[in-house]
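First the structure, in the form of C-alpha cells, and then the observations on it.
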Number of protein chains: 4
Amino acid sequence: VNRPLYVGVIGGRSCSPDTAALAFEVGRRIAAEGWILVCGGGGGVMAEACRGAAKAGGLTLGILPGMNREDANPHLTCSVVTGLGEMRNSLVVRSSRAVIALAGSCGTLAEIALANCAGIPVVGLSSWRCRPGEDTDHPGLYSFEASSAAEAVDWIKQRLGPES
Amino acid sequence: VNRPLYVGVIGGRSCSPDTAALAFEVGRRIAAEGWILVCGGGGGVMAEACRGAAKAGGLTLGILPGMNREDANPHLTCSVVTGLGEMRNSLVVRSSRAVIALAGSCGTLAEIALANCAGIPVVGLSSWRCRPGEDTDHPGLYSFEASSAAEAVDWIKQRLGPES
Amino acid sequence: VNRPLYVGVIGGRSCSPDTAALAFEVGRRIAAEGWILVCGGGGGVMAEACRGAAKAGGLTLGILPGMNREDANPHLTCSVVTGLGEMRNSLVVRSSRAVIALAGSCGTLAEIALANCAGIPVVGLSSWRCRPGEDTDHPGLYSFEASSAAEAVDWIKQRLGPES
Amino acid sequence: VNRPLYVGVIGGRSCSPDTAALAFEVGRRIAAEGWILVCGGGGGVMAEACRGAAKAGGLTLGILPGMNREDANPHLTCSVVTGLGEMRNSLVVRSSRAVIALAGSCGTLAEIALANCAGIPVVGLSSWRCRPGEDTDHPGLYSFEASSAAEAVDWIKQRLGPES
C-alpha cells in the first residue's frame with residue numbers, strides 16, 4: 001500500500017492578506033505532492049490552505065474544535081467534530097507527520113509546542129519566536145525556518161517523502 | 001453549500017463472515033447515497049464497511065485509537081490519529097449524524113450508549129440488547145432496529161437526508 | 001508508600017430515594033475502607049455517594065463534564081474541570097481500580113462498557129442488564145452483581161485491597 | 001459554600017536545584033493560602049511544588065499523562081489517570097483559576113499557550129519568553145512576571161482571592 005503523507009498546517013483563525021496568500025500557496029503545494037492536508041478546520045490560515053489544496057485537487061482533513069460542523073471552512077474533504085476546544089490541536093499534531101506553522105496566535109503556539117513534545121518536525125513560516133527560561137535547554141521550536149511556501153514544502157519532501 | 005451527511009458505522013474489530021457481509025453492504029449503501037462513512041478505522045466491521053464504501057466510490061473517515069496509522073484499515077480516505085484509545089469512540093459519535101451498530105463487543109456498546117447521551121439516532125443491526133435497572137426510565141437504545149443493510153440505510157435516509 | 005485504592009461510583013445525575021440511600025451507603029463504606037471515591041462529580045448517585053464518603057471522613061474526587069465548577073456537587077475534596085462532556089467518563093474509569101455501577105442511564109451504561117474494554121472490574125447494583133448480539137461472545141458486563149452496598153464493597157476489598 | 005481556589009503549577013519533569021527550591025516555595029505558599037494546587041502530577045517542578053504544599057498541610061491534585069499511577073509523585077492528595085499524554089495539560093489549565101509557570105520545556109510552553117487561549121491568567125517565573133510573528137498582535141503570554149514565589153502568589157491573591 002502506498003500511504004499518503006499527512007502534513008499539518010497550523011495558524012490563526014484570521015490572518016492578514018499576505019499570510020492568506022502564503023497559506024493558499026502552502027496548501028496548493030501540499031496537494032501537488034499528493035499529500036493530505038490536516039488542519040483545525042477553521043477560517044483564516046486553515047481555510048486558505050484548504051482552498052489552495054482543494055483547487056489543486058488534494059484531500060483536506062479538518063479536526064474541528066466545536067460540537068458541530070457549522071464552523072468548518074467549506075474546503076474540507078472530511079471533517080471530524082470533536083467538541084474538545086483547543087485540545088483538538090493535539091489531534092492535528094498526532095495526525096501529522098510534519099506541521100507547517102504560519103504566523104498564528106496562542107493556539108498556534110500551543111500546537112507548535114505540542115508538536116515539539118511529540119517529536120513531530122515543525123517548519124516555521126513567520127510564526128512565533130521563543131526561548132526557554134535560563135534553566136532549560138531546548139533545541140529550538142523549529143526543525144526548519146522557511147522563508148517561502150516552496151521552501152517549507154521542499155524541506156518536508158526531502159525529509160519525509162515518499163512513503164511506501 | 002451542499003454538505004454531505006456523515007454516518008457512523010460501529011462494530012467489532014473482528015466479526016463473523018455473516019456480519020462482515022452485512023457490514024460491506026451497509027458501507028456500499030452509505031456510499032451510494034453520497035454520504036461519508038465515519039468509523040473507528042480498524043478491522044472487522046469497520047474494515048468491511050469501508051471496503052464496501054470504497055468500492056462504491058465513497059469517502060471513508062477513520063478515527064483511530066492508537067498513536068500511529070499502522071492499525072488503520074486500508075480502505076480509508078482520511079484517518080485521524082488520536083491516541084485516545086476507546087475515548088475516540090466519542091469522536092466517532094460526535095462526527096456522525098446517525099450511527100449504525102452491527103453486532104460488536106464492549107466498545108460498540110459504549111458507542112451506542114454515548115450516541116444515546118448525545119441524542120444521535122442509533123440504528124441497531126443484530127447488536128446489543130439492554131434494559132436499564134428498575135429505577136431508571138430509558139426509551140431504549142435504538143431509534144430503529146433494522147433487519148437488513150437496506151432497511152438501516154433507508155431509515156436514515158428518510159429521517160435525515162438530504163441536507164443542504 | 002501505602003497508596004490508597006481509587007474506587008469509582010457511577011450512576012445517574014438524578015435518582016430515586018432508594019437509590020440515593022444505596023449510593024450514600026456505598027460512599028460511606030468506601031471511605032471507611034480508606035479508599036478514595038472517584039466519580040463524575042455531579043448530582044444524584046454521585047452526590048449521595050460523595051456525601052456518604054465525606055461524612056465518613058473520606059476523600060472524594062470528581063471529574064466534571066463541563067467547563068466550570070458550578071455543576072459540581074458540594075461533597076468533593078478535589079474536582080477536575082474537563083470540558084469533555086460524556087468523554088470524561090473514560091477518565092473516571094481510567095482513574096479507578098474498580099467501579100460500582102448503581103442504576104443509571106446512558107452515561108452509566110457507557111461507563112460500564114468502557115470499564116469492560118479497559119479490563120476494570122465492574123460491580124453492578126441494580127444497574128443495566130445487557131446481552132450482545134448473537135454474533136458476539138461476551139463474558140458479561142459485571143465481574144460481580146451485588147445486592148447491597150456491603151456486598152459491593154466487600155467484593156472489591158477481597159479482590160483488590162490492601163495495596164501497598 | 002466557601003469553595004477553595006484551584007491554582008496550577010506548571011514546569012518541567014526535571015529541573016535545576018534552584019528551580020526546585022522555587023517550586024517548593026510556590027507550593028508552600030499556595031497551601032498557606034488555603035488553595036488547592038493543581039499540576040500534571042509528575043516529577044521536577046510538579047513534585048517539588050506538591051512537596052511544599054503537602055508540608056504546609058495543603059491539598060494537591062495531579063492530572064497524570066499515562067495510564068497508571070506509577071509515574072505520580074508521592075505528594076498528591078488525589079490523582080487522575082488520563083492516558084491523554086500531553087493533552088492532559090489542557091485539563092490542568094481548565095481546572096485552574098490561574099497558573100504559575102516555572103522554567104519548563106515544550107510541555108510547559110504548550111500549557112502557557114493553552115492558558116492564554118482559555119483566558120486563564122499566567123504568572124511567569126523564569127519561564128519561556130516568546131513573541132508572535134509580525135503578522136500577529138498578541139498581548140504577551142503572561143499576565144504578570146514575578147521574580148519570586150511570594151510575588152507570584154501575592155499577585156494571584158490580589159486578583160482572584162478570596163472566593164466565596
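Note on naming: chains are A, B, ... as they come in the C-alpha cells, residues start from 1 per chain, ligands start from 1 in the order shown.
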Requested in this report: Enumerate, as a PyMOL selection string, the complete set of residues in segment 30-100 of chain A that a backbone-based DSSP assignment places in alpha helix (DSSP H).
Outcome: chain A and resi 30-32+45-55+88-94
For the residues in the current selection, export C-alpha atoms as a tab-separated table (two decimals), in the first residue's frame.
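The result, written out as part-v5.tsv:
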chain	number	residue	atom	x	y	z
A	30	ILE	CA	0.95	20.11	-0.30
A	31	ALA	CA	-1.77	18.87	-2.63
A	32	ALA	CA	0.59	18.94	-5.61
A	45	VAL	CA	-4.84	30.26	7.57
A	46	MET	CA	-6.73	26.97	7.79
A	47	ALA	CA	-9.35	27.95	5.23
A	48	GLU	CA	-6.84	29.45	2.79
A	49	ALA	CA	-4.55	26.44	2.96
A	50	CYS	CA	-7.52	24.14	2.35
A	51	ARG	CA	-8.72	26.30	-0.51
A	52	GLY	CA	-5.31	26.02	-2.13
A	53	ALA	CA	-5.19	22.27	-1.63
A	54	ALA	CA	-8.72	21.77	-2.93
A	55	LYS	CA	-8.00	23.87	-6.01
A	88	ARG	CA	-8.16	19.24	19.36
A	89	ASN	CA	-4.83	20.82	18.46
A	90	SER	CA	-3.20	17.70	19.88
A	91	LEU	CA	-5.11	15.60	17.36
A	92	VAL	CA	-3.93	17.77	14.48
A	93	VAL	CA	-0.38	17.20	15.67
A	94	ARG	CA	-0.81	13.46	16.24
Select from chain C every residue with an atom at most 10 Å from any atom of chain A, then for each give the shortest pair of atoms and their distance in Å to one decimal, using only C-alpha atoms, rows by chain and rising number, as a tab-separated table.
residue	atom	partner	partner_atom	distance
C:Thr82	CA	A:Leu84	CA	9.3
C:Gly83	CA	A:Leu84	CA	7.3
C:Leu84	CA	A:Leu84	CA	6.4
C:Gly85	CA	A:Gly83	CA	8.4
C:Met87	CA	A:Leu84	CA	9.7
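Of the residues under consideration (D:Ala113, D:Arg159, D:Ser95, D:Gly41), D:Ser95 shows the shortest atom-to-atom contact distance to Met67 of chain C when counting only C-alpha atoms.
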**Report entry** Test item: residues at most 6 Å from Val9 of chain C, only C-alpha atoms, excluding those fewer than 4 positions along its chain, as number ranges by chain
**Finding:** C: 39, 99-100
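The smallest atom-to-atom distance between Asn73 of chain D and any of C:Leu160, C:Arg3, C:Ala101, C:Ala152, using only C-alpha atoms, is found for C:Arg3.
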Query - Atomic distance atom CA of Glu145 of chain C - atom CA of Val123 of chain C, expressed in Å with one decimal - result: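 According to the coordinates, atom CA of Glu145 of chain C and atom CA of Val123 of chain C are separated by 5.6 Å.
Counting from atom CA of Ala103 of chain C, the distance to atom CA of Gly12 of chain B is 26.3 Å.
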Query - Coordinates-based distance that separates atom CA of Ala98 of chain B from atom CA of Cys130 of chain B (Å, one decimal) - result: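 Interatomic distance here is 19.4 Å.
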Requested in this report: Write out as a list in words the residues lying within 12 Å of Lys157 of chain B, counting only C-alpha atoms and excluding same-chain residues fewer than 4 positions away.
Outcome: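 Once the nearby chain positions are removed, what remains is Leu5, Tyr6, Val7, Arg29, Ile30, Ala32, Glu33, Gly34, Trp35, Arg97, Ala98, Val123, Ala150, Glu151, Ala152, Val153, Gly161, Pro162 and Glu163 of chain B.
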Query - Residues of segment 8-163 of chain C in strand (DSSP E or B), written as a PyMOL selection string - result: chain C and resi 8-11+36-39+60-64+78-81+98-102+122-125+129-131+144-145
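The neighbours of Ala72 of chain B here are the residues that come within 10 Å of it, using only C-alpha atoms and leaving out any residue fewer than 2 positions away in the same chain; they are B:Gly40, B:Gly41, B:Gly42, B:Gly43, B:Met46, B:Ala47, B:Gly62, B:Ile63, B:Leu64, B:Pro65, B:Gly66, B:Asn68, B:Arg69, B:Glu70, B:Pro74, B:His75, B:Leu76, B:Ser79, B:Val80, B:Val81.
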Dump all heavy atoms for the selected residues as a short mmCIF file (atom, residue, chain, number, x, y, z; two decimals), in the first residue's frame?
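Resulting contents of result-v6.cif:
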data_model
loop_
_atom_site.label_atom_id
_atom_site.label_comp_id
_atom_site.auth_asym_id
_atom_site.auth_seq_id
_atom_site.Cartn_x
_atom_site.Cartn_y
_atom_site.Cartn_z
N GLY B 40 -14.24 3.83 13.41
CA GLY B 40 -13.04 3.82 14.25
C GLY B 40 -11.78 3.43 13.51
O GLY B 40 -10.70 3.42 14.09
N GLY B 41 -11.91 3.13 12.22
CA GLY B 41 -10.74 2.94 11.37
C GLY B 41 -10.05 1.59 11.46
O GLY B 41 -9.05 1.38 10.78
N GLY B 42 -10.59 0.67 12.27
CA GLY B 42 -9.92 -0.61 12.48
C GLY B 42 -10.41 -1.70 11.55
O GLY B 42 -10.94 -1.44 10.46
N GLY B 43 -10.24 -2.94 12.01
CA GLY B 43 -10.59 -4.12 11.23
C GLY B 43 -12.05 -4.53 11.41
O GLY B 43 -12.88 -3.74 11.85
N MET B 46 -15.52 -2.47 10.83
CA MET B 46 -15.06 -1.18 10.31
C MET B 46 -14.41 -1.35 8.94
O MET B 46 -14.71 -0.61 7.99
CB MET B 46 -14.07 -0.56 11.30
CG MET B 46 -14.71 -0.23 12.65
SD MET B 46 -13.53 0.38 13.92
CE MET B 46 -13.03 -1.19 14.68
N ALA B 47 -13.54 -2.33 8.82
CA ALA B 47 -12.83 -2.53 7.55
C ALA B 47 -13.78 -2.95 6.44
O ALA B 47 -13.68 -2.48 5.30
CB ALA B 47 -11.74 -3.59 7.72
N GLY B 62 -11.67 7.45 9.12
CA GLY B 62 -11.38 6.57 10.26
C GLY B 62 -10.75 7.35 11.41
O GLY B 62 -9.78 8.07 11.20
N ILE B 63 -11.31 7.18 12.59
CA ILE B 63 -10.80 7.88 13.77
C ILE B 63 -10.12 6.83 14.65
O ILE B 63 -10.77 6.08 15.36
CB ILE B 63 -11.95 8.61 14.49
CG1 ILE B 63 -12.64 9.57 13.51
CG2 ILE B 63 -11.43 9.36 15.71
CD1 ILE B 63 -13.83 10.31 14.08
N LEU B 64 -8.81 6.80 14.58
CA LEU B 64 -8.03 5.69 15.11
C LEU B 64 -7.75 5.83 16.60
O LEU B 64 -7.51 6.93 17.10
CB LEU B 64 -6.70 5.60 14.36
CG LEU B 64 -6.81 5.48 12.84
CD1 LEU B 64 -5.45 5.68 12.19
CD2 LEU B 64 -7.38 4.12 12.47
N PRO B 65 -7.73 4.70 17.32
CA PRO B 65 -7.48 4.76 18.76
C PRO B 65 -6.01 4.95 19.12
O PRO B 65 -5.71 5.53 20.17
CB PRO B 65 -7.97 3.40 19.25
CG PRO B 65 -7.84 2.49 18.08
CD PRO B 65 -8.08 3.35 16.86
N GLY B 66 -5.11 4.48 18.30
CA GLY B 66 -3.70 4.44 18.67
C GLY B 66 -2.93 5.70 18.30
O GLY B 66 -3.52 6.73 17.95
N ASN B 68 -0.47 5.75 15.94
CA ASN B 68 0.04 5.78 14.56
C ASN B 68 -0.98 5.16 13.62
O ASN B 68 -2.01 4.66 14.05
CB ASN B 68 1.39 5.08 14.47
CG ASN B 68 1.27 3.64 14.93
OD1 ASN B 68 0.53 2.86 14.34
ND2 ASN B 68 2.00 3.28 15.98
N ARG B 69 -0.67 5.22 12.34
CA ARG B 69 -1.62 4.75 11.33
C ARG B 69 -1.46 3.28 10.97
O ARG B 69 -2.14 2.78 10.08
CB ARG B 69 -1.48 5.59 10.05
CG ARG B 69 -2.05 6.97 10.20
CD ARG B 69 -2.24 7.67 8.89
NE ARG B 69 -3.00 8.90 9.11
CZ ARG B 69 -2.47 10.04 9.53
NH1 ARG B 69 -1.17 10.11 9.76
NH2 ARG B 69 -3.24 11.08 9.73
N GLU B 70 -0.58 2.58 11.67
CA GLU B 70 -0.33 1.19 11.27
C GLU B 70 -1.54 0.28 11.43
O GLU B 70 -1.70 -0.68 10.69
CB GLU B 70 0.86 0.62 12.06
CG GLU B 70 2.19 1.12 11.51
CD GLU B 70 3.33 0.87 12.48
OE1 GLU B 70 3.24 -0.08 13.27
OE2 GLU B 70 4.30 1.65 12.45
N PRO B 74 -7.11 -0.53 5.26
CA PRO B 74 -6.58 0.09 4.02
C PRO B 74 -7.64 0.77 3.15
O PRO B 74 -7.32 1.16 2.03
CB PRO B 74 -5.97 -1.11 3.29
CG PRO B 74 -6.74 -2.28 3.76
CD PRO B 74 -7.19 -1.99 5.16
N HIS B 75 -8.85 0.93 3.68
CA HIS B 75 -9.93 1.47 2.84
C HIS B 75 -10.36 2.88 3.28
O HIS B 75 -11.49 3.30 3.02
CB HIS B 75 -11.14 0.53 2.88
CG HIS B 75 -10.78 -0.90 2.65
ND1 HIS B 75 -10.31 -1.36 1.44
CD2 HIS B 75 -10.76 -1.97 3.49
CE1 HIS B 75 -10.04 -2.65 1.53
NE2 HIS B 75 -10.31 -3.05 2.76
N LEU B 76 -9.46 3.59 3.95
CA LEU B 76 -9.81 4.91 4.48
C LEU B 76 -9.35 6.02 3.54
O LEU B 76 -8.19 6.07 3.15
CB LEU B 76 -9.16 5.11 5.85
CG LEU B 76 -9.61 4.15 6.95
CD1 LEU B 76 -8.74 4.32 8.19
CD2 LEU B 76 -11.08 4.36 7.29
N SER B 79 -7.65 9.48 7.66
CA SER B 79 -7.63 8.92 9.01
C SER B 79 -7.10 9.96 9.99
O SER B 79 -6.29 10.81 9.65
CB SER B 79 -6.79 7.66 9.07
OG SER B 79 -5.47 7.92 8.65
N VAL B 80 -7.60 9.87 11.22
CA VAL B 80 -7.17 10.75 12.30
C VAL B 80 -6.50 9.88 13.34
O VAL B 80 -7.05 8.86 13.76
CB VAL B 80 -8.39 11.47 12.92
CG1 VAL B 80 -7.95 12.41 14.03
CG2 VAL B 80 -9.16 12.23 11.85
N VAL B 81 -5.31 10.29 13.73
CA VAL B 81 -4.57 9.58 14.78
C VAL B 81 -4.88 10.29 16.09
O VAL B 81 -4.61 11.49 16.23
CB VAL B 81 -3.07 9.62 14.49
CG1 VAL B 81 -2.28 8.99 15.64
CG2 VAL B 81 -2.77 8.91 13.17
#
Report task. Tell me, as number ranges by chain, which residues lie within 10 Å of Thr108 of chain C, counting only C-alpha atoms; anything in the same chain fewer than 6 positions away does not count. Result -> B: 110, 113-114, 117, 132; C: 9-13, 86, 89, 101-102, 114, 127-128
